[in-house]
Each structure stands twice: as structure tokens, then as C-alpha cells.
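Enquirer: For reference, this is structure.txt, and it has compact mmCIF, C-alpha atoms.
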```
# COMPACT_ATOMS: atom_id res chain seq x y z
CA MET X 1 82.76 157.13 61.87
CA PHE X 2 81.95 153.43 61.57
CA ALA X 3 85.55 152.58 60.63
CA LYS X 4 86.76 154.58 63.63
CA ALA X 5 84.41 152.65 65.90
CA ILE X 6 85.78 149.32 64.61
CA PHE X 7 89.34 150.55 65.08
CA ALA X 8 88.54 151.64 68.63
CA ALA X 9 86.96 148.28 69.40
CA ALA X 10 89.95 146.42 68.00
CA ALA X 11 92.32 148.53 70.08
CA LEU X 12 90.65 147.31 73.26
CA VAL X 13 91.83 143.76 72.62
CA ALA X 14 95.41 144.61 73.52
CA VAL X 15 97.06 142.58 76.23
CA SER X 16 99.37 144.30 78.69
CA VAL X 17 101.66 142.53 81.10
CA SER X 18 102.38 143.75 84.61
CA GLY X 19 104.96 141.53 86.25
CA ALA X 20 103.78 137.95 85.79
CA THR X 21 100.08 138.83 85.47
CA ALA X 22 98.47 139.24 82.04
CA GLN X 23 95.70 141.80 82.04
CA GLN X 24 93.27 141.53 79.13
CA ALA X 25 90.68 143.95 77.80
CA ALA X 26 87.72 143.12 75.60
CA THR X 27 84.82 144.83 73.86
CA PHE X 28 81.20 143.78 74.19
CA GLY X 29 79.35 145.10 71.15
CA GLY X 30 75.74 146.11 71.69
CA SER X 31 73.08 146.36 68.99
CA ASP X 32 69.83 147.04 70.81
CA ALA X 33 67.97 149.99 72.29
CA LEU X 34 69.22 151.34 75.60
CA GLY X 35 67.17 149.94 78.46
CA SER X 36 65.90 146.94 76.51
CA LEU X 37 66.08 143.51 78.11
CA TYR X 38 69.04 142.58 75.90
CA ASP X 39 70.82 145.80 76.88
CA ARG X 40 70.30 145.17 80.59
CA GLN X 41 71.37 141.53 80.27
CA ASN X 42 74.57 142.52 78.52
CA ARG X 43 75.36 145.18 81.08
CA MET X 44 74.86 142.62 83.85
CA PHE X 45 77.28 140.23 82.13
CA THR X 46 79.85 143.01 81.79
CA GLU X 47 79.58 143.98 85.45
CA LEU X 48 79.80 140.35 86.62
CA VAL X 49 82.93 139.66 84.59
CA ASN X 50 84.64 142.88 85.64
CA GLU X 51 83.85 142.15 89.29
CA ARG X 52 84.82 138.47 89.31
CA SER X 53 87.94 138.55 87.17
CA GLY X 54 89.90 140.44 89.81
CA GLY X 55 91.25 142.86 87.22
CA ALA X 56 92.60 140.11 84.95
CA LEU X 57 89.88 140.85 82.35
CA THR X 58 88.12 144.14 81.73
CA VAL X 59 85.10 144.21 79.44
CA ASN X 60 83.95 147.48 77.86
CA PHE X 61 80.27 147.39 76.88
CA ILE X 62 79.49 149.66 73.92
CA GLU X 63 75.72 150.18 74.11
CA GLY X 64 73.20 150.82 71.37
CA GLU X 65 74.21 150.55 67.72
CA GLN X 66 77.45 152.51 67.95
CA LEU X 67 79.36 149.68 66.24
CA GLY X 68 76.64 148.94 63.68
CA SER X 69 73.61 146.70 63.20
CA ASP X 70 73.23 143.20 64.64
CA VAL X 71 74.74 141.52 61.60
CA GLN X 72 77.63 143.98 61.48
CA VAL X 73 78.52 143.46 65.14
CA ILE X 74 78.29 139.67 64.78
CA GLU X 75 80.61 139.86 61.78
CA GLN X 76 83.02 142.00 63.81
CA THR X 77 82.96 139.32 66.51
CA MET X 78 83.68 136.64 63.93
CA ALA X 79 86.57 138.76 62.64
CA GLY X 80 87.98 139.31 66.14
CA ALA X 81 87.48 143.10 66.29
CA VAL X 82 84.79 142.60 68.97
CA GLN X 83 85.02 139.87 71.61
CA PHE X 84 81.48 139.55 73.06
CA TYR X 85 77.97 139.99 71.69
CA GLY X 86 74.47 139.23 72.99
CA ASP X 87 71.00 139.56 71.47
CA ASP X 88 68.45 137.39 69.59
CA LEU X 89 69.79 133.87 69.04
CA SER X 90 68.06 133.42 65.68
CA TRP X 91 70.53 135.78 63.97
CA TYR X 92 72.86 132.80 63.43
CA ALA X 93 70.53 131.40 60.78
CA ASN X 94 72.59 133.63 58.48
CA TRP X 95 75.57 131.29 59.01
CA VAL X 96 74.23 127.94 60.29
CA LYS X 97 70.91 127.17 58.60
CA ASP X 98 69.36 125.13 61.41
CA TYR X 99 69.15 128.24 63.59
CA ALA X 100 66.35 129.24 61.21
CA ILE X 101 64.04 126.92 63.16
CA LEU X 102 64.10 129.54 65.95
CA GLY X 103 62.57 132.09 63.59
CA TRP X 104 59.68 130.03 62.27
CA GLY X 105 56.25 130.84 63.61
CA PHE X 106 54.53 128.75 66.28
CA THR X 107 57.40 126.23 66.53
CA PHE X 108 57.97 126.46 70.28
CA HIS X 109 55.02 126.17 72.65
CA SER X 110 56.58 127.43 75.88
CA PRO X 111 59.90 128.49 77.42
CA ASP X 112 60.31 124.99 78.90
CA HIS X 113 59.78 123.49 75.44
CA MET X 114 62.51 125.69 74.01
CA GLN X 115 64.84 124.86 76.89
CA ARG X 116 64.46 121.15 76.14
CA PHE X 117 65.59 121.91 72.62
CA PHE X 118 68.64 123.78 73.95
CA ASP X 119 69.48 120.68 76.00
CA SER X 120 69.24 118.39 72.94
CA ASP X 121 71.95 116.86 70.76
CA ALA X 122 70.47 118.63 67.73
CA TYR X 123 71.08 122.04 69.30
CA LYS X 124 74.59 121.08 70.45
CA ALA X 125 75.45 120.17 66.85
CA MET X 126 74.30 123.62 65.73
CA SER X 127 76.40 125.46 68.31
CA ASP X 128 79.42 123.25 67.57
CA ARG X 129 79.06 124.18 63.89
CA LEU X 130 79.25 127.87 64.78
CA ILE X 131 82.55 127.28 66.59
CA LYS X 132 84.02 125.21 63.78
CA ASP X 133 82.87 127.24 60.78
CA GLN X 134 82.57 130.81 62.12
CA GLY X 135 84.91 130.93 65.10
CA VAL X 136 82.34 132.04 67.68
CA ARG X 137 81.12 130.25 70.79
CA ILE X 138 77.72 130.65 72.44
CA LEU X 139 78.39 130.80 76.17
CA ALA X 140 74.74 130.61 77.24
CA GLN X 141 71.23 131.01 75.89
CA ALA X 142 67.70 131.18 77.27
CA PRO X 143 64.09 131.64 76.10
CA ILE X 144 62.69 135.06 76.93
CA GLN X 145 59.63 136.79 75.41
CA SER X 146 57.17 136.11 72.62
CA ARG X 147 57.19 138.51 69.69
CA MET X 148 54.17 140.76 69.17
CA THR X 149 53.00 142.86 66.23
CA PHE X 150 52.95 146.66 66.15
CA SER X 151 50.91 148.31 63.40
CA ASN X 152 49.89 151.84 62.46
CA LYS X 153 46.45 150.54 61.47
CA ALA X 154 44.03 148.20 63.22
CA ILE X 155 44.44 144.43 62.80
CA SER X 156 41.38 142.41 63.72
CA SER X 157 41.96 139.12 61.89
CA ALA X 158 44.55 137.07 60.00
CA ALA X 159 43.22 138.57 56.76
CA ASP X 160 44.49 142.00 57.80
CA PHE X 161 48.07 140.80 57.31
CA ASP X 162 47.46 140.49 53.56
CA GLY X 163 49.57 143.10 51.79
CA LEU X 164 50.74 144.69 55.05
CA LYS X 165 54.18 146.34 54.72
CA MET X 166 55.92 144.55 57.58
CA ARG X 167 59.43 145.25 58.84
CA VAL X 168 61.49 142.11 59.40
CA PRO X 169 65.12 141.66 60.51
CA GLU X 170 67.86 140.53 58.14
CA ILE X 171 66.99 136.85 58.62
CA LYS X 172 65.68 134.94 55.61
CA THR X 173 63.28 132.81 57.65
CA TYR X 174 61.53 135.86 59.09
CA LEU X 175 61.02 137.21 55.59
CA GLU X 176 59.58 133.92 54.37
CA LEU X 177 57.36 133.57 57.44
CA TRP X 178 55.69 136.91 56.88
CA GLU X 179 55.35 136.24 53.15
CA THR X 180 53.62 132.99 54.12
CA LEU X 181 51.27 134.94 56.39
CA GLY X 182 50.40 137.28 53.51
CA ALA X 183 52.44 140.37 54.41
CA ARG X 184 54.93 142.29 52.28
CA PRO X 185 58.10 142.10 54.37
CA THR X 186 60.76 144.79 54.24
CA ARG X 187 64.19 144.66 55.87
CA LEU X 188 65.17 147.52 58.14
CA ALA X 189 67.83 147.74 60.85
CA TRP X 190 66.34 147.78 64.35
CA GLY X 191 67.44 151.34 64.95
CA GLU X 192 65.57 152.50 61.83
CA VAL X 193 62.23 150.89 62.66
CA PHE X 194 60.69 153.71 64.72
CA LEU X 195 61.27 156.26 61.96
CA GLY X 196 60.13 153.74 59.33
CA LEU X 197 56.84 153.28 61.19
CA LYS X 198 56.46 156.99 61.77
CA THR X 199 56.99 157.92 58.11
CA GLY X 200 55.08 155.01 56.59
CA VAL X 201 58.10 153.29 55.05
CA VAL X 202 56.62 150.27 56.82
CA GLU X 203 53.13 149.86 58.23
CA ALA X 204 53.99 147.31 60.90
CA ALA X 205 56.84 145.67 62.77
CA GLU X 206 57.20 142.90 65.31
CA GLY X 207 59.46 142.08 68.21
CA PRO X 208 59.73 141.03 71.86
CA VAL X 209 57.79 143.46 74.00
CA SER X 210 60.64 144.75 76.19
CA ALA X 211 62.85 145.55 73.20
CA ALA X 212 59.93 147.08 71.30
CA TYR X 213 58.91 149.20 74.28
CA ALA X 214 62.47 150.48 74.72
CA ALA X 215 62.50 151.41 71.02
CA LYS X 216 59.06 153.12 71.41
CA PHE X 217 57.40 151.14 68.61
CA HIS X 218 54.01 151.68 70.24
CA GLU X 219 54.32 155.45 69.84
CA ALA X 220 54.71 155.17 66.06
CA ALA X 221 52.45 152.12 65.61
CA PRO X 222 49.82 152.20 68.38
CA PHE X 223 47.89 149.07 67.37
CA VAL X 224 49.60 146.28 69.35
CA VAL X 225 48.49 142.73 68.60
CA ARG X 226 49.48 139.83 70.83
CA THR X 227 50.33 137.45 68.02
CA ASP X 228 52.97 135.60 70.09
CA HIS X 229 54.11 134.08 66.81
CA ILE X 230 57.74 133.46 67.81
CA LEU X 231 59.27 132.76 71.21
CA THR X 232 62.50 134.76 71.30
CA ALA X 233 65.73 133.38 72.70
CA THR X 234 68.56 135.50 74.04
CA HIS X 235 72.24 134.56 74.24
CA ILE X 236 75.77 135.75 74.94
CA LEU X 237 78.54 134.96 72.46
CA VAL X 238 82.35 135.13 72.54
CA GLY X 239 84.91 134.95 69.77
CA GLU X 240 86.52 131.52 69.94
CA ALA X 241 90.10 132.74 69.45
CA PHE X 242 89.67 135.22 72.29
CA TYR X 243 88.02 132.57 74.47
CA GLN X 244 90.95 130.20 73.92
CA SER X 245 93.38 133.01 74.85
CA LEU X 246 91.82 133.18 78.32
CA SER X 247 93.06 131.12 81.24
CA PRO X 248 90.78 128.24 82.34
CA GLU X 249 89.80 130.38 85.33
CA LEU X 250 88.70 133.30 83.14
CA GLN X 251 86.90 130.95 80.75
CA GLN X 252 84.88 129.79 83.75
CA VAL X 253 84.24 133.39 84.82
CA VAL X 254 82.80 134.44 81.45
CA THR X 255 80.79 131.22 81.10
CA ASP X 256 79.25 131.50 84.56
CA ALA X 257 78.52 135.20 84.04
CA ALA X 258 76.79 134.47 80.72
CA LYS X 259 74.66 131.74 82.28
CA GLN X 260 73.66 134.00 85.16
CA ALA X 261 72.86 136.97 82.91
CA THR X 262 70.77 134.98 80.40
CA GLN X 263 68.91 133.18 83.19
CA TRP X 264 68.19 136.57 84.76
CA ALA X 265 66.85 137.74 81.39
CA ARG X 266 64.53 134.73 81.22
CA GLU X 267 63.16 135.38 84.69
CA GLN X 268 62.88 139.11 84.08
CA ALA X 269 61.07 138.54 80.79
CA GLN X 270 58.37 136.57 82.54
CA LYS X 271 57.97 139.26 85.20
CA GLU X 272 57.84 142.28 82.93
CA THR X 273 55.87 141.14 79.87
CA GLU X 274 52.48 142.10 81.27
CA ASP X 275 53.94 145.21 82.88
CA MET X 276 55.32 146.44 79.55
CA ILE X 277 51.99 145.77 77.83
CA SER X 278 50.19 147.75 80.54
CA LYS X 279 52.65 150.62 80.13
CA MET X 280 52.06 150.74 76.37
CA ALA X 281 48.30 150.79 76.93
CA ALA X 282 48.65 153.57 79.50
CA GLU X 283 50.66 155.55 76.97
CA GLY X 284 47.93 155.32 74.33
CA ALA X 285 48.49 152.00 72.55
CA GLN X 286 45.48 149.84 71.70
CA VAL X 287 46.44 146.31 72.76
CA SER X 288 44.33 143.50 71.32
CA GLU X 289 44.24 139.82 70.49
CA ILE X 290 43.05 138.08 67.32
CA GLU X 291 42.05 134.54 66.45
CA LEU X 292 45.45 132.96 65.82
CA GLY X 293 44.22 129.61 64.46
CA PRO X 294 44.34 130.68 60.79
CA VAL X 295 47.75 132.33 61.28
CA ARG X 296 49.18 129.23 62.96
CA GLU X 297 47.74 126.96 60.26
CA LYS X 298 49.51 128.91 57.51
CA ALA X 299 52.85 128.68 59.32
CA VAL X 300 52.56 124.95 60.04
CA ALA X 301 51.35 124.16 56.51
CA ALA X 302 54.50 125.75 55.09
CA VAL X 303 56.96 123.63 57.13
CA THR X 304 57.32 120.96 54.44
CA ARG X 305 58.00 123.59 51.78
CA MET X 306 60.60 125.25 54.00
CA GLU X 307 62.40 121.96 54.56
CA ASP X 308 62.21 121.04 50.86
CA THR X 309 63.92 124.34 50.00
CA GLY X 310 66.65 123.72 52.58
CA ALA X 311 65.66 126.39 55.11
CA TRP X 312 66.70 123.95 57.85
CA SER X 313 67.48 120.22 58.00
CA LYS X 314 64.65 117.89 57.09
CA GLY X 315 62.94 116.49 60.15
CA LEU X 316 64.25 119.17 62.51
CA TRP X 317 60.85 120.84 62.96
CA GLN X 318 59.21 117.52 63.86
CA SER X 319 62.04 116.64 66.26
CA VAL X 320 61.35 119.95 68.01
CA GLN X 321 57.63 119.11 68.23
CA ASP X 322 58.51 115.75 69.76
CA LEU X 323 60.08 117.65 72.68
CA ALA X 324 56.82 119.44 73.51
CA ASP X 325 54.76 118.59 76.59
```
Is it possible to express this structure as C-alpha cells?

Expert:
Amino acid sequence: MFAKAIFAAAALVAVSVSGATAQQAATFGGSDALGSLYDRQNRMFTELVNERSGGALTVNFIEGEQLGSDVQVIEQTMAGAVQFYGDDLSWYANWVKDYAILGWGFTFHSPDHMQRFFDSDAYKAMSDRLIKDQGVRILAQAPIQSRMTFSNKAISSAADFDGLKMRVPEIKTYLELWETLGARPTRLAWGEVFLGLKTGVVEAAEGPVSAAYAAKFHEAAPFVVRTDHILTATHILVGEAFYQSLSPELQQVVTDAAKQATQWAREQAQKETEDMISKMAAEGAQVSEIELGPVREKAVAAVTRMEDTGAWSKGLWQSVQDLAD
């Protein structure tokens, strides 16, 4: 089934010629729950491109995890079987180590702080490295929502993280962060988290509230803690070879659409965070806050160790702090 999905995605890349006009088709690979903020952003991008390209480019958005997990779809984009992808920006730590800074706890203080980083030379070097080494181009990115913790047992202090079986994504920095905070991290694909929480394979998970609500984390793990430990960034990506095959006009179309869709996601995230939390509470979740000082201290104290082990370039974390208000 998975091989068939890849074959079907690859088939959509074909270029047909009608007279003097080249008409191109492309696949946008999804990897998030239907109705999540990422899902809605990606659908907006697809609709904008299809509307503005005048028929010269048609994008087919394959929602959910029909083509595989996040890492699998990214790898398909790098291989050219999929042309567009959009989700959490920190996934690229698997290929360019400095993206790991996006997955370290309490690094960014606000969306504006993160945006200043995106406007910096350090971030440009990271995105240029993705183009050069992996053949993928980030068209646009934006800060969206903080990540919260969902547990099937009450958490009232930092000490309650000790020994907690915590689901983390397939990103090394996330694993090391939760080990630093005392948890026992376990890797599960996003689509497997609800069942993992329900059956006790994991006791807790974390994620941005809109994505977690869409995946119904709060129904399997009703203790929701506003840890706000990581500020999530969204993005839209294109395969570089496919991007270079587009006319300058279509390159502008996809770039502008990506910027509009990610900016919409940023604005929407701010509007719906409290609404989603209220919905979870109305549906039976127990939403709480804890004293985050001890949690933050553990994360900050481990920065030197992370840099010494090569998690990201030495001095990068401090350069990010220098951009804060």
C-alpha cells in the first residue's frame, strides 16, 4: 500500500504539453491530523496555487498520513517523489543539525523573538544548507503555537516528569530534552500517539494545541499541562529540482502562496490557542499550570552539554538569546 502511494505521488509529477503551454502537476504530501492547523495551512497553500497559476500548475494535496510519517514524506520530497510538504520546521534537525535549536526547551521567548531569528544570517545559512545538501527549499516559515503536555495522570510539579513515559517525535533533540527533564522518552509516529496514550504504551505526549486537539490527545490523556516548553514553527517546503523546473512566474506564485499560508497560520494560532484549550476543558480535560522555573532551569543548564556534544553549533543558543527583547 505504501509503495503504491509513493508510485501514485510520483506519477503526478508528469508534465504535459498543450500547444506552447507546459502544464505541470505536483503532489503536496501531508503528515498531520485532518483539521489541524498544519492541515488547514497546507490546504490554503494548495488552493492559492491552483487559483493563481491559471492552470499552469496543479497541486494535489494528499491529507493525513496516507504517504507515511513526517520523516517519510520529507524523504520522499528530497527524493523528488513528492514536491511540497509543510509541518513542524524542527524536523530538519535530522539533516541540518542547527535546526535542533528549534526543538530545545525555553529557547524562544515569543513569536517576535523567533521571527527575528528567521530574519538572521544564522537562519539563512541553515536554510541554504538544506538546499545544497538535501535538495529542498523552505519557501516560508512562521512561529505558531507553544507545545503543551498531555498526560494520563496528574502532573503538579516538575518532579512528576521523573520516569514519565513520554512520547516524542523522531527528532534527537526532543528525546534529549525530555531525558534532561527526567522523563523516559519513547518515539512514536504522530498518528500512533492517541492509541499509545489510550493503551498505556506511553503515559504522556506533547504538541501544539491545535494539532493535539485535532488528534484528540485530550480524550486519551485528559491531564493537560500548559508547559509551553517549545514554541513551534510551521513551514512550507518544495523540492529544489521541481522548484527550478518552474517558470519565474510560477516560482513567485508558490513563494507568495507559502508566505500567505504560513502567515495565516501564525495569526490563526494566536486566535485559536485559548479557544482550543477551552474546548478541551469543556470536553472533560483538566487543564492546569505548574511552576515552570525548575523545568526551565534544567533545560538551560544543559545547553553547554548539548553544544559540547555537537547537537548544534557552539554559540548558536546564545546568539538566539541575544535577539530577545

Enquirer: Out of X:Asp70, X:Glu203, X:Asp160, X:Glu179, which residue has the shortest atom-to-atom distance to Ser90 of chain X when counting only C-alpha atoms?

Expert: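 Under the stated criterion, the closest residue is X:Asp70.
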
Enquirer: Would you kindly return, as a PyMOL selection string, each protein, DNA or RNA residue with an atom no farther than 8 Å from any atom of segment 56-65 of chain X, considering only C-alpha atoms and excluding same-chain residues fewer than 5 positions away?

Expert: chain X and resi 21-34+39+42-43+46+49-50+191+250

Enquirer: Measure the distance from atom CA of Glu206 of chain X to atom CA of Trp317 of chain X in Å and round it to one decimal.

Expert: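 Going from atom CA of Glu206 of chain X over to atom CA of Trp317 of chain X covers 22.5 Å.
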
Enquirer: In Å to one decimal, how far is atom CA of Gly207 of chain X from atom CA of Ala302 of chain X?

Expert: 21.5 Å

Enquirer: Nearest to Thr227 of chain X among X:Ala159, X:Ala100, X:Ile290, X:Ala205, with distances taken over all atoms listed in the file: which residue is it?

Expert: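 Of X:Ala159, X:Ala100, X:Ile290, X:Ala205, the one nearest Thr227 of chain X, counting all atoms listed in the file, is X:Ile290.
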
Enquirer: Could you give me, as an MDAnalysis selection string, the residues within 8 Å of segment 137-143 of chain X, counting all atoms listed in the file and dropping anything in the same chain fewer than 2 positions from it?

Expert: chainID X and resid 89 111 114:115 118 127:128 130:131 135 145 231:240 254:255 258:259 262:263 265:266

Enquirer: Using all atoms listed in the file, which of X:Ala261, X:Val136, X:Leu48, X:Ile144 sits nearest Val96 of chain X?

Expert: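 Among X:Ala261, X:Val136, X:Leu48, X:Ile144, it is X:Val136 that comes nearest to Val96 of chain X.
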